[in-house]
Amino acid sequence: QQQVKQSPQSLIVQKGGIPIINCAYENTAFDYFPWYQQFPGKGPALLIAIRPDVSEKKEGRFTISFNKSAKQFSLHIMDSQPGDSATYFCAAAWALNDYKLSFGAGTTVTVRA
Amino acid sequence: DTGVSQDPRHKITKRGQNVTFRCDPISEHNRLYWYRQTLGQGPEFLTYFQNEAQLEKSRLLSDRFSAERPKGSFSTLEIQRTEQGDSAMYLCASSFFLTGPKDTQYFGPGTRLTVL
């Protein structure tokens with residue numbers, strides 16, 4: 001069964017807009033939540049990751065918000081650019097499970113110029 | 001900086017044939033993971049190694065699949081008697097489990113398998 005639920009499946013924003021992707025999980029053992037970016041024909045590339053002891057993390061234009069009590073986390077892409085058009089995957093893992101990643105189904109983001 | 005490499009990048013085969021994929025991890029990484037990604041889905045875990053030891057195989061990995069990492073460096077994934085349902089992108093990832101960020105996995109570009 002899918003351990004991480006991701007939404008929406010796709011979204012379109014104008015350049016400069018803020019696409020927001022949401023993920024939810026059930027397994028409270030998860031202690032590592034990365035986001036990966038994937039372009040067509042390429043492997044996923046790590047974008048940013050967060051641990052549950054932090055509620056927000058920013059790296060450049062990418063921000064993760066984490067709500068431990070709701071078991072939800074989200075990715076915000078600030079000042080989005082056409083080059084950000086890609087598929088984004090949230091994932092979750094935990095140390096005692098050797099960090100085997102459970103991925104969401106992915107969100108295709110299109111940023112229009 | 002040589003990241004994770006995979007070979008071949010694309011493979012087209014006929015149903016019933018055997019195929020083998022290779023993954024070369026980042027050189028000092030001692031953990032190596034295989035995932036499978038079908039169209040429109042996120043990657044799914046298949047198996048992983050620490051050095052040359054295979055630590056776990058997912059239920060997704062039928063008896064037709066076998067993976068090795070003979071000297072704790074590169075790894076191979078073999079699929080015997082391929083079926084059309086095996087068509088997918090096969091991704092390899094590596095991480096450094098001794099020191100540094102144990103959790104960070106770096107992915108290769110994948111091998112796209114098409115079974116006709």
# chains A, B, ... in the order shown; residues from 1 in each chain; ligands from 1
call {"tool": "closest_atom_pairs", "arguments": {"of": "chain B", "to": "chain A", "cutoff": "9 Å", "atoms": "only C-alpha atoms", "output": "tab-separated table"}}
result
residue	atom	partner	partner_atom	distance
B:Tyr33	CA	A:Lys100	CA	8.0
B:Gly40	CA	A:Ala105	CA	7.1
B:Gln41	CA	A:Ala105	CA	4.7
B:Gly42	CA	A:Ala105	CA	4.6
B:Pro43	CA	A:Phe103	CA	6.2
B:Glu44	CA	A:Ser102	CA	6.8
B:Phe45	CA	A:Leu101	CA	6.9
B:Thr47	CA	A:Lys100	CA	9.0
B:Tyr48	CA	A:Lys100	CA	8.4
B:Leu91	CA	A:Gly43	CA	7.0
B:Cys92	CA	A:Gly43	CA	8.7
B:Lys102	CA	A:Tyr99	CA	8.0
B:Asp103	CA	A:Tyr99	CA	5.8
B:Thr104	CA	A:Leu46	CA	8.1
B:Gln105	CA	A:Leu46	CA	7.8
B:Tyr106	CA	A:Ala45	CA	7.0
B:Phe107	CA	A:Gly43	CA	5.9
B:Gly108	CA	A:Gly43	CA	5.5
B:Pro109	CA	A:Gly43	CA	4.1
B:Gly110	CA	A:Gly43	CA	5.7
B:Arg112	CA	A:Gly41	CA	8.5
call {"tool": "residues_around", "arguments": {"residues": "Thr76 of chain B", "least_positions_apart": "2", "cutoff": "8 Å", "atoms": "only C-alpha atoms", "output": "list in words"}}
result
Thr20, Phe21, Arg22, Cys23, Ala67, Glu68, Arg69, Phe74 and Glu78 of chain B
call {"tool": "select_by_dssp", "arguments": {"residues": "segment 26-111 of chain A", "states": "helix (DSSP H, G or I)", "output": "PyMOL selection string"}}
result
chain A and resi 82-84+95-97
call {"tool": "residues_around", "arguments": {"residues": "Gly17 of chain A", "least_positions_apart": "6", "cutoff": "8 Å", "atoms": "only C-alpha atoms", "output": "PyMOL selection string"}}
result
chain A and resi 78-80
call {"tool": "write_last_selection", "arguments": {"atoms": "N, CA and C atoms", "output": "short mmCIF file (atom, residue, chain, number, x, y, z; two decimals), in the first residue's frame"}}
result
data_model
loop_
_atom_site.label_atom_id
_atom_site.label_comp_id
_atom_site.auth_asym_id
_atom_site.auth_seq_id
_atom_site.Cartn_x
_atom_site.Cartn_y
_atom_site.Cartn_z
N MET A 78 9.16 29.09 -4.24
CA MET A 78 8.99 30.53 -4.29
C MET A 78 9.50 31.08 -5.62
N ASP A 79 8.84 32.15 -6.10
CA ASP A 79 9.27 32.83 -7.33
C ASP A 79 9.59 31.79 -8.42
N SER A 80 8.61 30.95 -8.72
CA SER A 80 8.86 29.83 -9.64
C SER A 80 9.27 30.33 -11.04
#
call {"tool": "closest_residue", "arguments": {"among": "B:Ile26, B:Ile12, B:Ala88, B:Leu60", "to": "Leu39 of chain B", "atoms": "only C-alpha atoms"}}
result
B:Ala88
call {"tool": "residues_around", "arguments": {"residues": "Glu52 of chain B", "least_positions_apart": "6", "cutoff": "7 Å", "atoms": "only C-alpha atoms", "output": "PyMOL selection string"}}
result
chain B and resi 69-72
